[in-house]
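Engineer: One structure is given below, represented as structure tokens, and several questions about it will come after.
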Amino acid sequence: MSYRRLILLALTLALPRVGRAQFTTFIPPRNPAATDSAKSATAAKQQAQTDSVVNAQLTNMKTWVDSAAGVVSPPIAAADSQVAQSTPQPPLADTAMRATGTRAPETASNLPLLALSGLGFLVIGTILVGGSRPARQRA
Amino acid sequence: MRKALGYVFFATGGLLLSFAGGRYAVGSWRADQARAAWDHAEAKATVALARSVAFHHGARHPIVDGAPVAHLMIPRIDLDEIVLEGVGSDELNAGPGHLPGSAFPGERGNSVISAHRDRHFSHFDQLQAGDTITTEAGTIRQTWVVVSKRVVDKDAPALFRATEPTLTLTTCWPIRYLGPAPERLIVTAKPVVRPATRIAVAAARS
């Protein structure tokens with residue numbers, strides 16, 4: 001076997017492996033301890049902004065394509081961009097209160113007074129009825 | 001004459017005591033009914049789903065006065081009561097009442113719950129800033145912390161709009177007072193954890 005053939009054979013065997021190795025490179029995950037929290041937060045924020053921008057662009061593109069094709073579509077883009085910009089707040093639930101303030105509900109109760117008065121009347125009645133006996137007996 | 005007067009007093013006292021006792025008995029019976037309704041799984045799921053739908057779609061369906069709408073727990077004063085819709089005489093006789101039109105506990109806004117000082121809020125004067133309150137309304141279980149306690153005149157404006165979830169509990173003041181109390185005790189609480197924990201949504205929907 002000639003020297004050239006040997007080189008050719010070696011190249012034929014080695015090149016695919018080298019090529020495959022280019023596509024199966026292992027990328028180790030980032031070391032969380034090493035990352036700066038502030039940096040990662042900024043990166044995440046930028047990523048989120050980028051995502052929302054991409055989302056908005058895609059939505060706009062769909063609207064544009066639809067409009068170009070003559071298809072009437074609802075204005076999704078505006079709604080989407082609003083959602084992306086701010087988290088929706090639920091509507092204010094209380095309608096009972098005025099801006100200037102409202103009185104507290106009427107929780108005053110007469111029942112304790114009535115119960116106590118009733119007890120008092122019972123005691124007085126008992127004394128009056130019971131106390132009249134000795135007087136009559138004396139008479 | 002004296003004996004006749006004694007009988008009149010006796011009868012009047014008996015009537016007054018019967019009336020007051022009857023009101024307390026009816027209130028206690030209605031409170032038991034409200035608790036049974038609340039504890040009933042189907043009723044709870046229905047209420048939870050209704051609340052959930054109302055919360056998420058912003059549409060407030062009118063709730064019948066007297067219907068159980070929330071569960072109020074205050075460990076400090078050993079209070080564990082079912083809150084009924086409405087602050088009328090019948091509702092407050094049976095349990096703490098939710099002011100119609102105010103937010104439900106956990107919702108955005110001021111949620112107002114009132115009760116009589118001689119019944120459900122009889123130990124309300126022991127409540128202090130920093131005490132915790134737990135409410136369950138629909139699918140929302142919320143823990144609150146008492147942030148303020150104030151006494152106002154009964155005619156003074158005491159309830160205000162809030163943009164954040166707020167819980168306001170009111171009762172008469174002084175707690176120990178014979179006759180209609182001239183003032184109101186206002187306790188304000190803020191949520192401990194936000195947003196409120198949603199409970200049993202899956203169970204309510206299934």
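So you can find residues: chains in the structure tokens are A, B, ... in the order shown, residues in each start at 1, and ligands are numbered from 1 in order.
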Select from range 154-189 of chain B everything DSSP, run on the backbone, classes as strand (DSSP E or B), then give the selection as a PyMOL selection string.
Structural biologist: chain B and resi 157-159+166-173+183-189
Engineer: Excluding range 116-122 of chain A and its own-chain neighbours fewer than 6 positions away, which residues fall within 9 Å of it when counting only C-alpha atoms? Please give them as an MDAnalysis selection string.
Structural biologist: chainID B and resid 6 8:18 20 178
Engineer: Do a neighbour search on Phe124 in chain B at 9 Å with only C-alpha atoms, toss out local chain neighbours closer than 5 positions, and write the hits as a PyMOL selection string.
Structural biologist: chain B and resi 77+117+171+175+185
Engineer: With N, CA and C atoms retained, write the just-selected residues as a compact mmCIF listing (two decimals), in the first residue's frame.
Structural biologist:
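Final file, out-v3.txt:
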```txt
# COMPACT_ATOMS: atom_id res chain seq x y z
N ILE B 77 -59.62 34.91 69.92
CA ILE B 77 -60.85 34.99 70.74
C ILE B 77 -61.72 33.75 70.53
N ARG B 117 -72.15 42.73 69.46
CA ARG B 117 -71.17 42.64 70.55
C ARG B 117 -71.62 41.66 71.63
N THR B 171 -68.19 46.14 65.14
CA THR B 171 -69.20 45.79 66.14
C THR B 171 -69.50 47.03 66.98
N ILE B 175 -68.29 47.27 74.50
CA ILE B 175 -68.77 45.89 74.44
C ILE B 175 -69.75 45.63 75.59
N LEU B 185 -66.72 49.83 67.11
CA LEU B 185 -65.32 49.39 67.13
C LEU B 185 -64.98 48.89 65.72
```
Engineer: Which residues of chain B have any atom within 7 Å of an atom in chain A when counting only C-alpha atoms, and what is the closest pair of atoms for each, with the distance in Å to one decimal? Order the rows by chain and rising number and write it as a tab-separated table.
Structural biologist:
```
residue	atom	partner	partner_atom	distance
B:Arg2	CA	A:Leu128	CA	6.2
B:Lys3	CA	A:Val129	CA	4.8
B:Gly6	CA	A:Gly125	CA	3.9
B:Tyr7	CA	A:Gly125	CA	5.8
B:Phe9	CA	A:Gly125	CA	4.6
B:Phe10	CA	A:Gly125	CA	4.4
B:Thr12	CA	A:Phe121	CA	6.6
B:Gly13	CA	A:Gly118	CA	3.7
B:Gly14	CA	A:Gly118	CA	6.2
B:Leu16	CA	A:Gly118	CA	4.7
B:Leu17	CA	A:Gly118	CA	4.9
B:Ala20	CA	A:Ala115	CA	5.5
B:Gly58	CA	A:Pro91	CA	6.3
B:Val87	CA	A:Pro105	CA	6.7
B:Pro100	CA	A:Ala96	CA	6.9
B:Gly101	CA	A:Ala96	CA	4.5
B:Ser102	CA	A:Asp94	CA	4.0
B:Ala103	CA	A:Asp94	CA	4.4
B:Glu107	CA	A:Ala93	CA	6.6
B:Arg108	CA	A:Leu92	CA	5.5
B:Gly109	CA	A:Asp94	CA	5.4
B:Asn110	CA	A:Asp94	CA	6.1
B:Ser114	CA	A:Pro105	CA	6.8
B:Ala115	CA	A:Thr107	CA	6.2
B:His116	CA	A:Thr107	CA	5.3
B:Lys154	CA	A:Ala104	CA	7.0
B:Asp155	CA	A:Arg103	CA	5.9
B:Ala156	CA	A:Arg103	CA	5.9
B:Pro157	CA	A:Arg103	CA	4.5
B:Ala158	CA	A:Arg103	CA	5.4
B:Leu159	CA	A:Thr102	CA	4.9
B:Phe160	CA	A:Gly101	CA	4.6
B:Arg161	CA	A:Met97	CA	5.5
B:Thr163	CA	A:Leu92	CA	6.7
B:Thr170	CA	A:Ala104	CA	6.8
B:Thr171	CA	A:Thr107	CA	5.9
B:Cys172	CA	A:Thr107	CA	5.8
B:Leu178	CA	A:Leu113	CA	5.6
B:Gly179	CA	A:Leu113	CA	5.3
B:Pro180	CA	A:Ala108	CA	4.9
B:Ala181	CA	A:Ala108	CA	5.7
```
Engineer: Nearest to Ile186 in chain B: which of B:Glu136, B:Asp125, B:Asp65, B:Glu164 is it, counting only C-alpha atoms?
Structural biologist: B:Asp125
Engineer: Between CA of Leu127 in chain B and CA of Asp90 in chain B, what is the spacing in Å?
Structural biologist: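 Answer for the CA of Asp90 in chain B to CA of Leu127 in chain B separation: 25.5 Å.
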Engineer: Please measure the separation of CA of Ile63 in chain B and CA of Gly97 in chain B, giving the value in Å to one decimal.
Structural biologist: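 Distance reported for this atom pair: 12.6 Å.
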Engineer: To one decimal place in Å, what is the distance between CA of Trp144 in chain B and CA of Thr168 in chain B?
Structural biologist: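 Value for the CA of Trp144 in chain B-CA of Thr168 in chain B distance: 10.5 Å.
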Engineer: Ranking B:Pro182, B:Gly27, B:Pro105, B:Gly21 by minimum distance to Glu91 in chain B and counting only C-alpha atoms, which one comes first?
Structural biologist: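 Checking each candidate against Glu91 in chain B, we get B:Gly27 as the closest.
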